[in-house]
Each structure stands twice: as C-alpha cells, then as structure tokens.
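J.: One structure is given below, represented as structure tokens, and several questions about it will come after.
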Amino acid sequence: MPRMLDVSDAVRAEIGDEEADRLLAGENAPGSYDCTSCRTPGDCEQERTSTVLFIGDETAVLAFAHATCLPSQVVQVTEEELRGAVRSINAEAGRVPEQVPPQQAVPGHGLPGQAVPQKVVPEQAVLGVTSGLVLIAGELHPALVVEPTAPIARPGSLGADDEFLPLLVEQGFLPVTEIASVPPVLHGWSVLLAVGQLHAVLQPGAGGGGPVAWWQAHQPLQVTDGWRAAASKHQQVLMFAAPVGSIGRQPREDLLRDALDKAAAGGRLVAAALPLAGT
C-alpha cells in the first residue's frame, strides 16, 4: 500500500531529492510512529503523515506527525535540543547514545525544556509565557498567558505609554471582561507545538508572507500531558494577554485563573483562540 507521506519543498530541499524519493517510496519511512506533536500513535500507511525536519547547528532529526497536527516543514532548533532528543530516543531503545550526522532520519521524541522569555522590543521588555488549563463552560481548554515584564511601547514611539494591549487589539485580539466563553479564532496566527512541546506563537508575515514568530521559546516550553491532550482535542490554544503587573507568577492553575478573572474584570485582558501550527 502506498505510504501517505507529505514531504514539503522545504524539507526536500534540506534532505535532497534522493532521500525524499526514498521516503515517498516507503524505503526509509516507518509504518507506524509516535506523532511528534500530539505524541499519539500514527500510521503512514493509513493516514496522511507529515515529515518534519528539525535542524540544529550540526545535526538534523527527521520526525513524523499526523498531517492534522502539523504540516510538513523545517523547524530550526538548538543543537542542545536535538542532542537531547537523540539521547531520549536511544535511552528508550536501550542503545548507547551516538551523534546523528546531518540529514539522517531519526524519529523525533520529546525534549526536556522550559520557557525562557524572549526579548521582543528595543526597550528590552521580555514576554513571560505561562501554560495552563482554563475551565470554560464545564470544559478544559489549553491556554497560554502572556505578560511582559515592562511596558511595551509602540514601535518607533518615544513615549512611555504601555501600548501592549492596543497593539494586540489591532492584530485581532479581543478585549475580555469575563472568561465565560471561548474567544473567536484568530486566523493567520497559530501555536507551534512540536516534539510534544511548545516552540512558538506565530503571526502572519508582512505583505502576506509566510508565518513568522511573534514569540519563540529560547528552549521549548514543557507542557503537561493534560494540556497536550486538550490541545490535540480542540486543535487550538487560547491565548490571553495582559499588561505588566496584571497576572504575576502564579504557582497553581486555580491562582492563575483568579488572576485572569481579575485582569478581565479590570479591563486589562485580551484573548483569541489560535489554531495549532496554522502554517
């Protein structure tokens, strides 16, 4: 039976036509695999499957994902992340760790990591990103809560006003006064969940170009199994954003929800539903 593999032009350009053709012919592709996004089993002989190539400085890992979870694409990661993935793969298989030369096909697995805020404006403000489950109308939804460490000025502005929420509203995020329903989907934006972990929040590129990172984790953000399962179920993630000083670092999800409710009641919260890997 022909394998139902998707190999994007970007992946083909990296691995070469010969390797891509071998994959499509079924020579190097696994029949069954663990999806690099949702971590559940897949079968490339039974369902559409994407090839996802993770590239570091010296090594590369070719992973497989349900086409409904991720499109075929090339993802730039750090060398440390790739080596951690290879160590995890070899440990699970009971093998001695070894280096993976560039363009060698190896199934992708989870990478240990945590969120590291990313500098996003010249004023050196940093975005803090927290993941958690939010209960809405009796159902749990995966959520990301974004709060900068300093006021966000409008690009090119010399003023000191915090324009974080107005800038997001201009992008399509909606003000929230209470968390009683799921916010509308913001098309063009997406959340990249790969290797079972959170890598980036993507926004539309300028002039209708391809998606670019609005926020990118310096190291992948580790999420819970429950969060990942909810994201796989809904195929979207709720993003809440508040200005500096509105949420704070909350050690528990119930305290995080309380802080979100207070920010919403005070008119200091915007939100949107972002598709998973909507590239």
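Residues are named by chain letter and number: chains run A, B, ... in the order of the structure tokens, numbers start at 1 in each chain, and ligands are numbered from 1 in the order shown.
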Hey, what's within 10 Å of region 240-254 of chain A if we count only C-alpha atoms and toss same-chain stuff fewer than 3 positions away? As a CSV table (one decimal) with all heavy atoms, in the first residue's frame, please?

T.:
```csv
chain,number,residue,atom,x,y,z
A,125,ALA,N,12.0,45.0,27.0
A,125,ALA,CA,10.9,44.3,27.6
A,125,ALA,C,10.9,42.8,27.3
A,125,ALA,O,11.4,42.4,26.2
A,125,ALA,CB,9.5,44.9,27.2
A,126,VAL,N,10.5,41.9,28.2
A,126,VAL,CA,10.6,40.5,28.0
A,126,VAL,C,9.2,39.9,28.2
A,126,VAL,O,8.5,40.3,29.1
A,126,VAL,CB,11.6,39.8,28.9
A,126,VAL,CG1,11.5,38.3,28.8
A,126,VAL,CG2,13.0,40.4,28.7
A,127,LEU,N,8.8,39.0,27.3
A,127,LEU,CA,7.5,38.4,27.4
A,127,LEU,C,7.6,37.1,28.3
A,127,LEU,O,8.4,36.2,28.0
A,127,LEU,CB,6.9,38.0,26.0
A,127,LEU,CG,6.5,39.1,25.1
A,127,LEU,CD1,6.0,38.5,23.8
A,127,LEU,CD2,5.5,40.0,25.7
A,128,GLY,N,6.8,37.1,29.3
A,128,GLY,CA,6.6,35.8,30.1
A,128,GLY,C,5.5,35.0,29.6
A,128,GLY,O,4.4,35.6,29.4
A,129,VAL,N,5.6,33.8,29.4
A,129,VAL,CA,4.6,32.9,28.8
A,129,VAL,C,4.4,31.8,29.8
A,129,VAL,O,5.3,31.0,30.2
A,129,VAL,CB,4.9,32.4,27.4
A,129,VAL,CG1,3.9,31.4,26.9
A,129,VAL,CG2,5.1,33.5,26.5
A,130,THR,N,3.1,31.6,30.2
A,130,THR,CA,2.7,30.5,31.1
A,130,THR,C,1.7,29.7,30.5
A,130,THR,O,0.7,30.2,29.9
A,130,THR,CB,2.2,31.1,32.5
A,130,THR,OG1,3.2,31.9,33.0
A,130,THR,CG2,1.9,29.9,33.4
A,131,SER,N,1.8,28.3,30.6
A,131,SER,CA,0.8,27.4,30.0
A,131,SER,C,-0.1,26.9,31.2
A,131,SER,O,0.4,26.7,32.3
A,131,SER,CB,1.4,26.3,29.3
A,131,SER,OG,2.1,25.4,30.2
A,132,GLY,N,-1.4,26.7,30.9
A,132,GLY,CA,-2.3,26.1,31.9
A,132,GLY,C,-3.6,25.8,31.3
A,132,GLY,O,-3.9,26.1,30.1
A,133,LEU,N,-4.4,25.0,32.0
A,133,LEU,CA,-5.7,24.6,31.6
A,133,LEU,C,-6.7,25.6,32.2
A,133,LEU,O,-6.7,25.9,33.3
A,133,LEU,CB,-6.0,23.2,32.0
A,133,LEU,CG,-5.3,22.1,31.2
A,133,LEU,CD1,-5.5,20.8,31.9
A,133,LEU,CD2,-5.7,22.0,29.8
A,134,VAL,N,-7.7,26.1,31.3
A,134,VAL,CA,-8.7,27.0,31.8
A,134,VAL,C,-10.1,26.4,31.6
A,134,VAL,O,-10.4,25.9,30.5
A,134,VAL,CB,-8.6,28.3,31.0
A,134,VAL,CG1,-9.8,29.2,31.3
A,134,VAL,CG2,-7.3,29.0,31.2
A,135,LEU,N,-10.9,26.4,32.6
A,135,LEU,CA,-12.2,25.8,32.6
A,135,LEU,C,-13.2,26.8,32.0
A,135,LEU,O,-13.4,27.9,32.6
A,135,LEU,CB,-12.6,25.3,34.0
A,135,LEU,CG,-14.0,24.6,34.0
A,135,LEU,CD1,-13.9,23.3,33.3
A,135,LEU,CD2,-14.4,24.4,35.5
A,143,ALA,N,-4.4,26.8,27.5
A,143,ALA,CA,-4.3,28.2,27.4
A,143,ALA,C,-2.8,28.6,27.5
A,143,ALA,O,-2.0,27.9,28.2
A,143,ALA,CB,-5.1,28.9,28.4
A,144,LEU,N,-2.5,29.8,26.9
A,144,LEU,CA,-1.2,30.4,27.2
A,144,LEU,C,-1.5,31.8,27.7
A,144,LEU,O,-2.3,32.5,27.1
A,144,LEU,CB,-0.4,30.5,25.9
A,144,LEU,CG,0.1,29.2,25.2
A,144,LEU,CD1,0.8,29.5,23.9
A,144,LEU,CD2,1.0,28.4,26.2
A,145,VAL,N,-0.8,32.2,28.8
A,145,VAL,CA,-1.0,33.5,29.4
A,145,VAL,C,0.3,34.3,29.1
A,145,VAL,O,1.4,33.9,29.6
A,145,VAL,CB,-1.3,33.4,30.9
A,145,VAL,CG1,-1.5,34.8,31.4
A,145,VAL,CG2,-2.6,32.6,31.1
A,146,VAL,N,0.2,35.4,28.5
A,146,VAL,CA,1.4,36.2,28.1
A,146,VAL,C,1.3,37.6,28.9
A,146,VAL,O,0.3,38.3,28.8
A,146,VAL,CB,1.4,36.5,26.6
A,146,VAL,CG1,2.6,37.3,26.2
A,146,VAL,CG2,1.4,35.2,25.8
A,147,GLU,N,2.4,37.9,29.5
A,147,GLU,CA,2.5,39.1,30.3
A,147,GLU,C,4.0,39.6,30.2
A,147,GLU,O,4.9,38.9,30.5
A,147,GLU,CB,2.2,38.9,31.8
A,147,GLU,CG,2.3,40.2,32.6
A,147,GLU,CD,2.0,40.0,34.0
A,147,GLU,OE1,2.1,38.8,34.5
A,147,GLU,OE2,1.7,41.0,34.8
A,148,PRO,N,4.2,40.8,29.7
A,148,PRO,CA,5.5,41.4,29.6
A,148,PRO,C,6.1,41.8,31.0
A,148,PRO,O,5.3,42.0,31.9
A,148,PRO,CB,5.4,42.6,28.7
A,148,PRO,CG,4.0,43.0,28.8
A,148,PRO,CD,3.2,41.7,29.1
A,149,THR,N,7.4,41.9,31.0
A,149,THR,CA,8.0,42.3,32.3
A,149,THR,C,8.1,43.9,32.4
A,149,THR,O,8.5,44.4,33.5
A,149,THR,CB,9.4,41.7,32.4
A,149,THR,OG1,10.2,42.2,31.3
A,149,THR,CG2,9.3,40.2,32.4
A,150,ALA,N,7.8,44.6,31.4
A,150,ALA,CA,7.9,46.0,31.3
A,150,ALA,C,6.8,46.5,30.3
A,150,ALA,O,6.4,45.8,29.5
A,150,ALA,CB,9.3,46.5,31.0
A,151,PRO,N,6.5,47.8,30.4
A,151,PRO,CA,5.5,48.4,29.4
A,151,PRO,C,6.1,48.2,28.0
A,151,PRO,O,7.3,48.3,27.8
A,151,PRO,CB,5.5,49.9,29.8
A,151,PRO,CG,5.8,49.9,31.3
A,151,PRO,CD,6.9,48.8,31.4
A,152,ILE,N,5.2,47.9,27.1
A,152,ILE,CA,5.5,47.8,25.7
A,152,ILE,C,5.1,49.1,24.9
A,152,ILE,O,3.9,49.4,24.8
A,152,ILE,CB,4.8,46.6,25.0
A,152,ILE,CG1,5.1,45.3,25.8
A,152,ILE,CG2,5.1,46.5,23.6
A,152,ILE,CD1,6.6,44.8,25.6
A,162,ASP,N,2.1,52.4,27.8
A,162,ASP,CA,2.1,51.0,27.5
A,162,ASP,C,1.0,50.7,26.4
A,162,ASP,O,-0.2,50.9,26.7
A,162,ASP,CB,1.7,50.2,28.8
A,162,ASP,CG,1.9,48.7,28.7
A,162,ASP,OD1,2.0,48.2,27.6
A,162,ASP,OD2,1.9,48.0,29.7
A,163,GLU,N,1.5,50.3,25.3
A,163,GLU,CA,0.6,50.0,24.1
A,163,GLU,C,0.5,48.5,23.9
A,163,GLU,O,0.0,48.1,22.8
A,163,GLU,CB,1.2,50.7,22.9
A,163,GLU,CG,1.3,52.2,23.0
A,163,GLU,CD,-0.1,52.8,22.9
A,163,GLU,OE1,-1.0,52.2,22.2
A,163,GLU,OE2,-0.3,53.9,23.5
A,164,PHE,N,0.8,47.7,24.9
A,164,PHE,CA,0.8,46.2,24.6
A,164,PHE,C,-0.6,45.7,24.2
A,164,PHE,O,-0.8,45.1,23.2
A,164,PHE,CB,1.2,45.5,25.9
A,164,PHE,CG,1.3,44.0,25.7
A,164,PHE,CD1,2.1,43.4,24.7
A,164,PHE,CD2,0.7,43.1,26.7
A,164,PHE,CE1,2.2,42.1,24.6
A,164,PHE,CE2,0.8,41.8,26.5
A,164,PHE,CZ,1.5,41.2,25.5
A,165,LEU,N,-1.6,46.1,25.0
A,165,LEU,CA,-3.0,45.6,24.6
A,165,LEU,C,-3.5,46.3,23.3
A,165,LEU,O,-4.1,45.6,22.5
A,165,LEU,CB,-4.0,45.8,25.8
A,165,LEU,CG,-3.7,45.0,27.0
A,165,LEU,CD1,-4.9,45.0,27.9
A,165,LEU,CD2,-3.4,43.5,26.7
A,168,LEU,N,-2.1,44.5,20.3
A,168,LEU,CA,-2.7,43.2,20.1
A,168,LEU,C,-4.1,43.3,19.6
A,168,LEU,O,-4.6,42.5,18.7
A,168,LEU,CB,-2.7,42.4,21.4
A,168,LEU,CG,-1.3,41.8,21.8
A,168,LEU,CD1,-1.4,41.1,23.2
A,168,LEU,CD2,-0.8,40.9,20.8
A,173,PHE,N,-6.9,40.5,18.4
A,173,PHE,CA,-7.3,40.0,19.7
A,173,PHE,C,-8.4,40.9,20.2
A,173,PHE,O,-8.5,42.1,20.0
A,173,PHE,CB,-6.1,40.1,20.7
A,173,PHE,CG,-5.0,39.0,20.4
A,173,PHE,CD1,-4.1,39.2,19.4
A,173,PHE,CD2,-5.0,37.9,21.1
A,173,PHE,CE1,-3.1,38.3,19.1
A,173,PHE,CE2,-4.0,36.9,20.8
A,173,PHE,CZ,-3.1,37.1,19.8
A,174,LEU,N,-9.3,40.2,21.0
A,174,LEU,CA,-10.5,40.9,21.5
A,174,LEU,C,-10.4,41.2,23.0
A,174,LEU,O,-9.9,40.3,23.8
A,174,LEU,CB,-11.7,40.1,21.2
A,174,LEU,CG,-12.1,39.9,19.8
A,174,LEU,CD1,-13.3,39.0,19.6
A,174,LEU,CD2,-12.2,41.2,19.0
A,175,PRO,N,-10.8,42.4,23.5
A,175,PRO,CA,-10.9,42.6,24.9
A,175,PRO,C,-11.8,41.6,25.6
A,175,PRO,O,-12.9,41.3,25.0
A,175,PRO,CB,-11.4,44.0,25.0
A,175,PRO,CG,-11.1,44.7,23.7
A,175,PRO,CD,-11.2,43.5,22.7
A,176,VAL,N,-11.5,41.2,26.8
A,176,VAL,CA,-12.3,40.2,27.6
A,176,VAL,C,-12.6,40.8,28.9
A,176,VAL,O,-11.7,41.3,29.6
A,176,VAL,CB,-11.5,38.9,27.8
A,176,VAL,CG1,-12.3,38.0,28.7
A,176,VAL,CG2,-11.2,38.2,26.4
A,183,PRO,N,-13.0,32.5,23.2
A,183,PRO,CA,-12.9,33.6,22.2
A,183,PRO,C,-12.8,33.1,20.8
A,183,PRO,O,-12.5,32.0,20.5
A,183,PRO,CB,-11.6,34.3,22.7
A,183,PRO,CG,-10.8,33.2,23.3
A,183,PRO,CD,-11.8,32.3,24.0
A,237,VAL,N,-5.4,26.6,20.8
A,237,VAL,CA,-4.9,27.0,22.1
A,237,VAL,C,-5.5,28.4,22.3
A,237,VAL,O,-5.4,29.3,21.4
A,237,VAL,CB,-3.4,27.0,22.2
A,237,VAL,CG1,-2.9,27.6,23.5
A,237,VAL,CG2,-2.8,25.6,22.0
A,257,ARG,N,-6.1,31.3,37.3
A,257,ARG,CA,-7.4,31.6,36.8
A,257,ARG,C,-8.0,32.8,37.6
A,257,ARG,O,-8.6,33.7,37.0
A,257,ARG,CB,-8.4,30.4,37.0
A,257,ARG,CG,-9.8,30.7,36.7
A,257,ARG,CD,-10.0,31.2,35.2
A,257,ARG,NE,-11.3,31.6,34.9
A,257,ARG,CZ,-12.2,30.8,34.4
A,257,ARG,NH1,-11.9,29.6,34.0
A,257,ARG,NH2,-13.4,31.2,34.1
A,258,ASP,N,-7.7,32.9,38.9
A,258,ASP,CA,-8.2,34.0,39.7
A,258,ASP,C,-7.5,35.3,39.2
A,258,ASP,O,-8.2,36.4,39.0
A,258,ASP,CB,-7.8,33.8,41.2
A,258,ASP,CG,-8.6,32.8,41.9
A,258,ASP,OD1,-9.7,32.4,41.3
A,258,ASP,OD2,-8.2,32.3,42.9
A,259,ALA,N,-6.3,35.3,38.8
A,259,ALA,CA,-5.6,36.5,38.3
A,259,ALA,C,-6.1,36.9,36.9
A,259,ALA,O,-6.3,38.0,36.6
A,259,ALA,CB,-4.1,36.2,38.2
A,260,LEU,N,-6.5,35.9,36.1
A,260,LEU,CA,-7.1,36.2,34.8
A,260,LEU,C,-8.4,36.8,35.0
A,260,LEU,O,-8.8,37.8,34.3
A,260,LEU,CB,-7.2,34.9,34.0
A,260,LEU,CG,-5.9,34.3,33.4
A,260,LEU,CD1,-6.2,32.9,32.8
A,260,LEU,CD2,-5.4,35.2,32.3
A,261,ASP,N,-9.2,36.3,35.9
A,261,ASP,CA,-10.6,36.9,36.1
A,261,ASP,C,-10.5,38.3,36.6
A,261,ASP,O,-11.3,39.2,36.2
A,261,ASP,CB,-11.3,36.0,37.2
A,261,ASP,CG,-11.8,34.7,36.6
A,261,ASP,OD1,-11.9,34.6,35.4
A,261,ASP,OD2,-12.0,33.7,37.4
A,262,LYS,N,-9.5,38.6,37.5
A,262,LYS,CA,-9.3,39.9,38.0
A,262,LYS,C,-8.9,40.9,36.9
A,262,LYS,O,-9.3,42.0,36.8
A,262,LYS,CB,-8.3,40.0,39.2
A,262,LYS,CG,-8.9,39.3,40.4
A,262,LYS,CD,-7.8,39.3,41.5
A,262,LYS,CE,-8.3,38.5,42.7
A,262,LYS,NZ,-7.3,38.4,43.8
A,263,ALA,N,-8.0,40.4,36.0
A,263,ALA,CA,-7.5,41.2,34.9
A,263,ALA,C,-8.6,41.5,34.0
A,263,ALA,O,-8.8,42.6,33.4
A,263,ALA,CB,-6.3,40.5,34.2
A,264,ALA,N,-9.5,40.5,33.7
A,264,ALA,CA,-10.6,40.7,32.8
A,264,ALA,C,-11.6,41.7,33.4
A,264,ALA,O,-12.1,42.6,32.7
A,264,ALA,CB,-11.3,39.4,32.5
A,266,GLY,N,-11.0,44.1,35.3
A,266,GLY,CA,-10.4,45.4,35.3
A,266,GLY,C,-10.1,45.9,33.9
A,266,GLY,O,-9.5,47.0,33.8
A,267,GLY,N,-10.6,45.2,32.9
A,267,GLY,CA,-10.4,45.7,31.5
A,267,GLY,C,-8.9,45.6,31.1
A,267,GLY,O,-8.5,46.4,30.2
A,268,ARG,N,-8.2,44.7,31.6
A,268,ARG,CA,-6.7,44.5,31.3
A,268,ARG,C,-6.4,43.2,30.7
A,268,ARG,O,-5.3,42.6,30.9
A,268,ARG,CB,-5.9,44.7,32.6
A,268,ARG,CG,-6.1,46.1,33.2
A,268,ARG,CD,-5.5,46.2,34.6
A,268,ARG,NE,-4.1,45.9,34.7
A,268,ARG,CZ,-3.1,46.8,34.4
A,268,ARG,NH1,-3.4,48.0,34.0
A,268,ARG,NH2,-1.9,46.4,34.5
A,269,LEU,N,-7.3,42.7,29.9
A,269,LEU,CA,-7.1,41.3,29.3
A,269,LEU,C,-7.7,41.3,27.9
A,269,LEU,O,-8.8,41.8,27.6
A,269,LEU,CB,-7.8,40.3,30.1
A,269,LEU,CG,-7.4,38.8,29.8
A,269,LEU,CD1,-6.0,38.5,30.3
A,269,LEU,CD2,-8.4,37.8,30.6
A,270,VAL,N,-6.9,40.7,27.0
A,270,VAL,CA,-7.4,40.4,25.6
A,270,VAL,C,-7.1,38.9,25.4
A,270,VAL,O,-6.3,38.3,26.0
A,270,VAL,CB,-6.6,41.2,24.5
A,270,VAL,CG1,-6.9,42.7,24.7
A,270,VAL,CG2,-5.1,40.9,24.5
A,271,ALA,N,-7.9,38.4,24.4
A,271,ALA,CA,-7.8,36.9,24.1
A,271,ALA,C,-8.1,36.6,22.7
A,271,ALA,O,-8.8,37.4,22.0
A,271,ALA,CB,-8.7,36.2,25.1
A,272,ALA,N,-7.7,35.4,22.3
A,272,ALA,CA,-8.1,34.9,21.0
A,272,ALA,C,-7.8,33.4,21.0
A,272,ALA,O,-7.0,32.9,21.9
A,272,ALA,CB,-7.3,35.5,19.9
A,273,ALA,N,-8.5,32.6,20.2
A,273,ALA,CA,-8.2,31.2,20.0
A,273,ALA,C,-7.2,31.1,18.8
A,273,ALA,O,-7.5,31.5,17.7
A,273,ALA,CB,-9.4,30.4,19.8
```

J.: Just give me the gap between CA of Thr51 (chain A) and CA of Leu276 (chain A) in Å, one decimal is fine.

T.: 16.4 Å

J.: What does the distance from CA of Leu23 (chain A) to CA of Thr49 (chain A) come to in Å, to one decimal?

T.: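 Spanning CA of Leu23 (chain A) to CA of Thr49 (chain A) is a straight-line distance of 11.5 Å.
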
J.: Here is a test: counting only C-alpha atoms, which residue of A:Ile179, A:Ala217, A:Ala137, A:Ala20 is nearest to Gln76 (chain A)?

T.: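 Smallest separation from Gln76 (chain A) among the options: A:Ala217.
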
J.: Between CA of Gly172 (chain A) and CA of His187 (chain A), what is the distance, to one decimal in Å?

T.: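 Separation of CA of Gly172 (chain A) and CA of His187 (chain A): 9.0 Å.
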
J.: Go through A:Asp17, A:Ala194, A:His234, A:Val11 one by one, measure the shortest atom-to-atom distance of each to Ala65 (chain A) using only C-alpha atoms, and give the residue with the smallest value.

T.: A:Ala194

J.: Here is a test: counting only C-alpha atoms, which residue of A:Leu167, A:Leu70, A:Ala206, A:Leu255 is nearest to Val191 (chain A)?

T.: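 Ranking A:Leu167, A:Leu70, A:Ala206, A:Leu255 by distance to Val191 (chain A), first place goes to A:Leu70.
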
J.: With distances taken over only C-alpha atoms, which of A:Arg12, A:His218, A:His141, A:Lys233 is nearest to Thr40 (chain A)?

T.: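 Checking each of A:Arg12, A:His218, A:His141, A:Lys233 against Thr40 (chain A), counting only C-alpha atoms, the winner is A:Lys233.
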
J.: Quick one: residues within 12 Å of Val7 (chain A), only C-alpha atoms counted, chain neighbours fewer than 4 positions away excluded, as number ranges by chain?

T.: A: 3, 11-17, 19-25, 29, 48-53, 62-65, 67, 70-74

J.: From the list A:Leu198, A:Pro204, A:Gln235, A:Leu192, which residue is nearest Gln222 (chain A) when using only C-alpha atoms?

T.: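 Nearest candidate to Gln222 (chain A) out of A:Leu198, A:Pro204, A:Gln235, A:Leu192: A:Leu198.
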
J.: With distances taken over only C-alpha atoms, which residue among A:Pro155, A:Pro275, A:Pro142, A:Pro166 lies nearest Asp225 (chain A)?

T.: A:Pro142

J.: According to DSSP computed on the backbone, where in region 199-249 of chain A is there strand (DSSP E or B)? Give the residues as a tab-separated table (two decimals) with N, CA, C and O atoms, in the first residue's frame.

T.:
```tsv
chain	number	residue	atom	x	y	z
A	199	HIS	N	6.90	25.49	20.99
A	199	HIS	CA	8.07	26.14	20.40
A	199	HIS	C	7.84	27.63	20.13
A	199	HIS	O	8.76	28.42	20.29
A	200	ALA	N	6.65	28.01	19.68
A	200	ALA	CA	6.48	29.39	19.26
A	200	ALA	C	5.01	29.75	19.12
A	200	ALA	O	4.15	28.88	18.97
A	201	VAL	N	4.74	31.05	19.15
A	201	VAL	CA	3.47	31.62	18.72
A	201	VAL	C	3.77	32.35	17.42
A	201	VAL	O	4.66	33.22	17.38
A	202	LEU	N	3.07	31.99	16.36
A	202	LEU	CA	3.34	32.54	15.04
A	202	LEU	C	2.29	33.56	14.65
A	202	LEU	O	1.11	33.43	15.01
A	203	GLN	N	2.71	34.57	13.89
A	203	GLN	CA	1.80	35.58	13.36
A	203	GLN	C	2.00	35.69	11.86
A	203	GLN	O	3.02	35.23	11.32
A	212	VAL	N	5.62	34.17	10.77
A	212	VAL	CA	6.86	34.47	11.47
A	212	VAL	C	6.59	34.38	12.97
A	212	VAL	O	5.44	34.44	13.41
A	213	ALA	N	7.65	34.22	13.74
A	213	ALA	CA	7.49	34.06	15.18
A	213	ALA	C	7.18	35.40	15.84
A	213	ALA	O	7.94	36.35	15.73
A	214	TRP	N	6.04	35.47	16.52
A	214	TRP	CA	5.72	36.61	17.38
A	214	TRP	C	6.42	36.43	18.72
A	214	TRP	O	6.95	37.37	19.30
A	215	TRP	N	6.40	35.20	19.21
A	215	TRP	CA	7.17	34.81	20.40
A	215	TRP	C	7.76	33.44	20.11
A	215	TRP	O	7.09	32.57	19.55
A	216	GLN	N	9.03	33.25	20.46
A	216	GLN	CA	9.68	31.96	20.26
A	216	GLN	C	10.44	31.60	21.52
A	216	GLN	O	11.21	32.41	22.04
A	217	ALA	N	10.24	30.39	22.00
A	217	ALA	CA	10.92	29.94	23.21
A	217	ALA	C	12.40	29.74	22.93
A	217	ALA	O	12.77	29.14	21.91
A	218	HIS	N	13.24	30.25	23.81
A	218	HIS	CA	14.68	30.01	23.68
A	218	HIS	C	14.96	28.52	23.86
A	218	HIS	O	15.83	27.95	23.22
A	219	GLN	N	14.22	27.90	24.76
A	219	GLN	CA	14.17	26.44	24.90
A	219	GLN	C	12.70	26.06	24.90
A	219	GLN	O	11.87	26.83	25.37
A	220	PRO	N	12.34	24.89	24.38
A	220	PRO	CA	10.92	24.52	24.29
A	220	PRO	C	10.23	24.55	25.66
A	220	PRO	O	10.83	24.19	26.68
A	221	LEU	N	8.99	24.98	25.64
A	221	LEU	CA	8.21	25.03	26.87
A	221	LEU	C	7.58	23.67	27.13
A	221	LEU	O	6.83	23.16	26.30
A	236	GLN	N	-6.64	23.76	18.97
A	236	GLN	CA	-6.38	25.18	19.13
A	236	GLN	C	-5.99	25.47	20.57
A	236	GLN	O	-6.22	24.65	21.47
A	237	VAL	N	-5.37	26.62	20.78
A	237	VAL	CA	-4.92	27.04	22.10
A	237	VAL	C	-5.46	28.45	22.34
A	237	VAL	O	-5.41	29.30	21.45
A	238	LEU	N	-5.98	28.69	23.53
A	238	LEU	CA	-6.45	30.02	23.88
A	238	LEU	C	-5.27	30.86	24.38
A	238	LEU	O	-4.52	30.41	25.24
A	239	MET	N	-5.11	32.03	23.82
A	239	MET	CA	-4.05	32.92	24.28
A	239	MET	C	-4.66	34.13	24.96
A	239	MET	O	-5.50	34.82	24.39
A	240	PHE	N	-4.26	34.34	26.21
A	240	PHE	CA	-4.67	35.51	26.99
A	240	PHE	C	-3.45	36.39	27.18
A	240	PHE	O	-2.35	35.90	27.45
A	241	ALA	N	-3.62	37.69	27.04
A	241	ALA	CA	-2.52	38.62	27.21
A	241	ALA	C	-2.94	39.78	28.10
A	241	ALA	O	-4.07	40.28	28.00
```

J.: Run DSSP on the backbone of this structure and report the residues of region 164-263 of chain A it assigns to alpha helix (DSSP H), as a list of chain:residue names.

T.: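 Answer for region 164-263 of chain A restricted to alpha helix (DSSP H) is A:Phe164, A:Leu165, A:Pro166, A:Leu167, A:Leu168, A:Val169, A:Glu170, A:Gln171, A:Asp225, A:Gly226, A:Trp227, A:Arg228, A:Ala229, A:Ala230, A:Ala231, A:Ser232, A:Lys233, A:His234, A:Glu253, A:Asp254, A:Leu255, A:Leu256, A:Arg257, A:Asp258, A:Ala259, A:Leu260, A:Asp261, A:Lys262, A:Ala263.
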